[in-house]
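In what follows, a single structure is set out as structure tokens and then discussed.
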Amino acid sequence: MAKGTVAYKILQSHLVSGKLIPGEEIAIKIDQTLTQDATGTMAYLQFEAMGVDRVKTELSVSYIDHNMLQTDFKNPDDHKYLMSVAKRYGIWLSKPGNGICHQVHVERFAKPGKTLLGSDSHTPTSGGVGMIAIGAGGLDVAAAMAGEPFYLKMPKIVGVKLSGKLPEWVTAKDIILELLRRLTVKGGVGKIFEYFGEGIKELSVPERSTITNMGAELGATTSVFPSDEITRAYLKAQGREEDWVELQPDPDAEYDEVIEINLSELEPLIACPHSPDNVVPVREVEGIKVDQVVIGSCTNSSFVDLTRAARMLHNRKVHPDVIFAVAPGSKQALELITQDGGLLDFLKAGARILESACGPCIGMGYAPPSGGVSVRSFNRNFEGRSGTPDAKVYLASPEVCVASAIAGYIIDPRKLAQKENIEWIRVQMPEKFPYGDEAFIPPLPEEEAREVEIYRGPNIKKLPDFDELPESLSGEVSLIVGDNITTDHIMPAGAKILPLRSNIYAISEYVYHYVDPEFVQRAKKVRDEKAKANIIVGGENYGQGSSREHAALAPRFLGVRAVIAKSFARIHHANLVNFGIVPLEFLNKEDYRKFSMGDEVEIPELAESLRGGKEIVVVNKTTGEEIVCRYNLTPKQISVLLAGGLLNWIKRKQGVEV
Ligand code: MIC
Ligand code: SF4
């Protein structure tokens with residue numbers, strides 16, 4: 001039962017209901033929340049609809065970091081809305097330019113032993129300081145701000161034992177890439193990864209956070225490190241030593257599973273296009289010509305990452321054929337490299353300096369050229385995510401990125417070190433970080449907050465109302481997709497679509513845009529002309545990747561009422577439920593083949609079967625076949641589905657007319 005582990009202890013001290021037995025539904029108290037602008041507007045619209053006067057958490061922070069291009073009124077409208085909501089409801093606001101939510105949260109707010117729920121899948125980054133930090137859909141985060149506990153199935157707690165010592169030029173990124181290589185993008189579903197062993201003693205907080213960040217790519221619920229003297233020194237340098245508590249696993253702690261990684265045996269690794277688990281040693285892809293390189297994203301853009309990269313570039317030049325960019329993870333990191341000269345190293349080497357924000361990671365600028373190769377210190381390389389459909393994106397440590405930028409082709413940094421005698425660069429943690437608090441707006445006192453008027457520009461549209469689940473569902477198969485469909489496939493981001501996040505009517509026009517540009521018209525026809533439900537058929541790990549609830553909300557708006565898949569990714573599964581779309585799993589995975597596009601489908605007594613916990617029989621009326629499906633839903637999720645979604649469910653609970 002994993003008693004005595006760090007994760008177990010934190011969950012136990014926050015348990016509101018249920019038993020900490022893997023697979024059982026538990027509810028936990030949430031101490032902190034975070035939102036970012038791209039998911040935040042919707043989360044706060046939903047929070048407003050809950051009719052609460054002020055957030056009920058210990059701390060809630062609203063970050064503006066994703067959507068920074070401001071090509072017209074839409075982004076600034078959203079930012080202004082977010083700023084007014086923060087003032088009205090007792091929320092901290094991190095202004096645009098202050099950095100990426102996860103980086104900044106670790107720096108300024110993350111606290112060992114506490115819980116954090118964030119409307120972004122990389123929220124587990126804060127696990128690097130010993131907190132249980134979980135990514136969720138905006139609606140779940142809104143509910144947590146309204147004082148609701150967070151419901152989840154108790155995950156297994158997997159101990160990752162790090163033994164040995166990282167060889168030179170091998171980094172934290174290679175540890176998590178090694179786990180991805182072994183376990184794949186669905187290997188972490190239903191699991192918490194807890195790191196322990198001698199090897200953790202060498203890892204600084206930013207390095208630990210690189211690892212917990214990319215636990216999201218494993219599909220894990222979260223990842224966590226103990227809170228030790230390294231955590232203490234980091235928090236002290238952030239001027240927050242009082243936030244430190246020690247959190248270690250008990251000597252007799254037992255994990256549900258243990259994975260061992262001998263750090264001494266690792267070498268520089270790289271994830272090849274188009275999946276973070278497509279990992280090979282760098283030497284295997286050496287020589288591939290590179291068009292662009294970028295260091296940034298919430299994974300690897302801390303002060304430590306930037307300083308190492310800058311020192312590698314000292315007195316060197318980026319290869320003439322390569323465009324090299326740096327997007328510092330936070331203003332704090334940018335300030336530090338400015339102080340210690342790293343910024344000048346970048347500039348002299350010929351780097352482009354981008355804003356402290358997500359930027360290229362979700363295709364908000366700096367897209368690669370057609371068919372181009374881009375090597376990035378990021379966490380996701382899904383096809384098309386960079387903004388260029390046929391680009392090939394590789395993911396690696398900042399060291400591999402810089403070495404490749406200098407060489408002009410992918411290269412193992414150890415080779416370059418031999419050739420050009422690049423010394424191994426160790427970075428000392430500063431004794432005092434620049435806190436950068438000028439970029440935060442603290443919450444207003446209650447009385448003053450009540451006077452604040454919420455700003456709503458023309459880009460902010462009211463949420464559509466959704467009806468309850470019908471007793472029986474009659475529908476049509478309007479899309480069939482394969483394995484590992486990401487939320488970037490379902491609801492793409494990028495400079496064109498991201499500004500529409502606060503306008504569900506407009507953004508729903510882009511559902512599955514790059515996969516099947518006809519889908520939206522087809523779905524509307526089924527919804528409006530045939531008055532039927534749209535049904536999507538999917539493969540394994542359906543909905544992996546981001547937490548964006550728009551990937552459930554927009555399909556629901558288009559009339560999707562059920563997704564039948566071989567298996568689901570955790571956050572998307574929860575988002576489907578939250579928006580009243582029934583996630584069904586094939587009992588026999590071979591039955592996936594029993595559907596074709598346009599098949600007429602009937603699910604008789606759907607609601608009754610859910611209520612009674614019975615198997616669901618989907619009738620393919622076109623072929624006459626009956627397909628048996630199961631579902632992985634807790635009693636609460638079933639009542640949410642019956643109500644037509646979580647917002648209806650919460651309103652009903654609070655006695656508000658739906
Ligand atoms: C991502 O990395 O895909 C994002 C953009 O940060 C998303 C959130 C979003 O879509 O707004 C995530 O990871 O949850
Ligand atoms: Fe931003 Fe990329 Fe991190 Fe998502 S993964 S929060 S887009 S930097």
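Just remember, in the structure tokens the first chain shown is A, the second B, etc., residues are 1-based per chain, and ligands are 1-based in the order shown.
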message: Can you pull out every residue with an atom within 10 Å of ligand 1? Use only C-alpha atoms and all ligand atoms and format it as a PyMOL selection string.
response: chain A and resi 35-40+65-67+100-102+118-123+135-138+216-217+297-298+358-359+361-363+378-380+382+385+486-488+491-494+498+501+544-551+571-572
Compile the contact shell of A:Val245 as a PDB file with C-alpha atoms, in the first residue's frame: residues with an atom at most 9 Å away, counting only C-alpha atoms, same-chain residues fewer than 4 positions apart removed.
```pdb
ATOM      1  CA  LYS A 111       5.775  24.271  -0.646  1.00  0.00           C
ATOM      2  CA  PRO A 112       6.878  20.824   0.494  1.00  0.00           C
ATOM      3  CA  GLY A 113       4.059  18.721   1.942  1.00  0.00           C
ATOM      4  CA  SER A 227      12.128  17.480   0.672  1.00  0.00           C
ATOM      5  CA  ASP A 228      15.672  17.510   2.027  1.00  0.00           C
ATOM      6  CA  ARG A 232      15.913  23.786   2.107  1.00  0.00           C
ATOM      7  CA  GLU A 241      13.161  29.046   4.259  1.00  0.00           C
TER       8      GLU A 241
END
```
statement: Counting only C-alpha atoms and all ligand atoms, the residue among A:Arg182, A:Lys461, A:Lys532, A:His105 that lies closest to ligand 2 is A:His105
Set the distance at 12 Å and use only C-alpha atoms: which residues neighbour A:Val452 once local chain neighbours fewer than 4 positions away are removed? I'd like the list as a PDB file with N, CA, C and O atoms, in the first residue's frame.
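The file below, selection.pdb, is the result:
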```pdb
ATOM      1  N   ASP A  53     -17.748  33.737  -3.418  1.00  0.00           N
ATOM      2  CA  ASP A  53     -17.332  35.129  -3.242  1.00  0.00           C
ATOM      3  C   ASP A  53     -15.818  35.322  -3.310  1.00  0.00           C
ATOM      4  O   ASP A  53     -15.327  36.364  -3.744  1.00  0.00           O
ATOM      5  N   TYR A  81      -9.259  40.471 -18.586  1.00  0.00           N
ATOM      6  CA  TYR A  81     -10.281  39.692 -17.861  1.00  0.00           C
ATOM      7  C   TYR A  81      -9.623  38.968 -16.677  1.00  0.00           C
ATOM      8  O   TYR A  81     -10.097  39.044 -15.543  1.00  0.00           O
ATOM      9  N   MET A  83      -6.864  39.609 -15.141  1.00  0.00           N
ATOM     10  CA  MET A  83      -6.384  40.525 -14.099  1.00  0.00           C
ATOM     11  C   MET A  83      -7.536  40.985 -13.216  1.00  0.00           C
ATOM     12  O   MET A  83      -7.402  41.077 -11.997  1.00  0.00           O
ATOM     13  N   SER A  84      -8.690  41.249 -13.843  1.00  0.00           N
ATOM     14  CA  SER A  84      -9.814  41.718 -13.029  1.00  0.00           C
ATOM     15  C   SER A  84     -10.373  40.582 -12.166  1.00  0.00           C
ATOM     16  O   SER A  84     -10.744  40.792 -11.014  1.00  0.00           O
ATOM     17  N   VAL A  85     -10.403  39.363 -12.712  1.00  0.00           N
ATOM     18  CA  VAL A  85     -10.893  38.224 -11.921  1.00  0.00           C
ATOM     19  C   VAL A  85      -9.989  38.000 -10.714  1.00  0.00           C
ATOM     20  O   VAL A  85     -10.460  37.762  -9.598  1.00  0.00           O
ATOM     21  N   ALA A  86      -8.670  38.105 -10.930  1.00  0.00           N
ATOM     22  CA  ALA A  86      -7.735  37.885  -9.823  1.00  0.00           C
ATOM     23  C   ALA A  86      -8.005  38.893  -8.707  1.00  0.00           C
ATOM     24  O   ALA A  86      -8.071  38.536  -7.523  1.00  0.00           O
ATOM     25  N   LYS A  87      -8.195  40.140  -9.110  1.00  0.00           N
ATOM     26  CA  LYS A  87      -8.466  41.181  -8.098  1.00  0.00           C
ATOM     27  C   LYS A  87      -9.769  40.900  -7.358  1.00  0.00           C
ATOM     28  O   LYS A  87      -9.869  41.067  -6.162  1.00  0.00           O
ATOM     29  N   ARG A  88     -10.775  40.475  -8.113  1.00  0.00           N
ATOM     30  CA  ARG A  88     -12.106  40.289  -7.524  1.00  0.00           C
ATOM     31  C   ARG A  88     -12.148  39.115  -6.536  1.00  0.00           C
ATOM     32  O   ARG A  88     -12.846  39.162  -5.538  1.00  0.00           O
ATOM     33  N   TYR A  89     -11.399  38.058  -6.839  1.00  0.00           N
ATOM     34  CA  TYR A  89     -11.608  36.817  -6.072  1.00  0.00           C
ATOM     35  C   TYR A  89     -10.455  36.402  -5.154  1.00  0.00           C
ATOM     36  O   TYR A  89     -10.425  35.279  -4.678  1.00  0.00           O
ATOM     37  N   GLY A  90      -9.494  37.284  -4.931  1.00  0.00           N
ATOM     38  CA  GLY A  90      -8.444  36.940  -3.954  1.00  0.00           C
ATOM     39  C   GLY A  90      -7.338  36.062  -4.513  1.00  0.00           C
ATOM     40  O   GLY A  90      -6.828  35.173  -3.834  1.00  0.00           O
ATOM     41  N   PRO A 443      -3.237  39.437  -3.956  1.00  0.00           N
ATOM     42  CA  PRO A 443      -4.693  39.535  -3.809  1.00  0.00           C
ATOM     43  C   PRO A 443      -5.102  40.780  -3.026  1.00  0.00           C
ATOM     44  O   PRO A 443      -4.362  41.230  -2.151  1.00  0.00           O
ATOM     45  N   LEU A 444      -6.265  41.311  -3.335  1.00  0.00           N
ATOM     46  CA  LEU A 444      -6.785  42.472  -2.608  1.00  0.00           C
ATOM     47  C   LEU A 444      -7.496  42.006  -1.338  1.00  0.00           C
ATOM     48  O   LEU A 444      -8.029  40.894  -1.300  1.00  0.00           O
ATOM     49  N   PRO A 445      -7.556  42.863  -0.308  1.00  0.00           N
ATOM     50  CA  PRO A 445      -8.354  42.511   0.876  1.00  0.00           C
ATOM     51  C   PRO A 445      -9.831  42.324   0.483  1.00  0.00           C
ATOM     52  O   PRO A 445     -10.293  42.921  -0.505  1.00  0.00           O
ATOM     53  N   GLU A 446     -10.542  41.515   1.280  1.00  0.00           N
ATOM     54  CA  GLU A 446     -11.904  41.096   0.903  1.00  0.00           C
ATOM     55  C   GLU A 446     -12.848  42.237   0.541  1.00  0.00           C
ATOM     56  O   GLU A 446     -13.506  42.209  -0.501  1.00  0.00           O
ATOM     57  N   GLU A 447     -12.895  43.247   1.403  1.00  0.00           N
ATOM     58  CA  GLU A 447     -13.840  44.356   1.186  1.00  0.00           C
ATOM     59  C   GLU A 447     -13.586  45.043  -0.147  1.00  0.00           C
ATOM     60  O   GLU A 447     -14.484  45.250  -0.956  1.00  0.00           O
ATOM     61  N   GLU A 448     -12.306  45.350  -0.349  1.00  0.00           N
ATOM     62  CA  GLU A 448     -11.902  46.036  -1.581  1.00  0.00           C
ATOM     63  C   GLU A 448     -12.174  45.168  -2.805  1.00  0.00           C
ATOM     64  O   GLU A 448     -12.628  45.656  -3.841  1.00  0.00           O
TER      65      GLU A 448
END
```
- request: For A:Asn459, list every protein, DNA or RNA residue within 12 Å, evaluated using only C-alpha atoms, and leave out those in the same chain fewer than 4 positions away; present the list as a list in words.
  value: Thr41, Met42, Asp72, Phe73, Lys74, Asn75, Pro76, Asp77, Asp78, His79, Lys80, Tyr81, Tyr455, Leu498, Pro499, Leu500, Arg501, Ser502, Asn503, Ile504, Tyr505, Ala506 and Ile507 of chain A
- prompt: Where in stretch 64-272 of chain A does DSSP assign strand (DSSP E or B), given as a ChimeraX atom specification?
  reply: /A:92-94,99,115-118,132-135,150-153,156-163,191-196,222-224,227,247,257-262,269-271
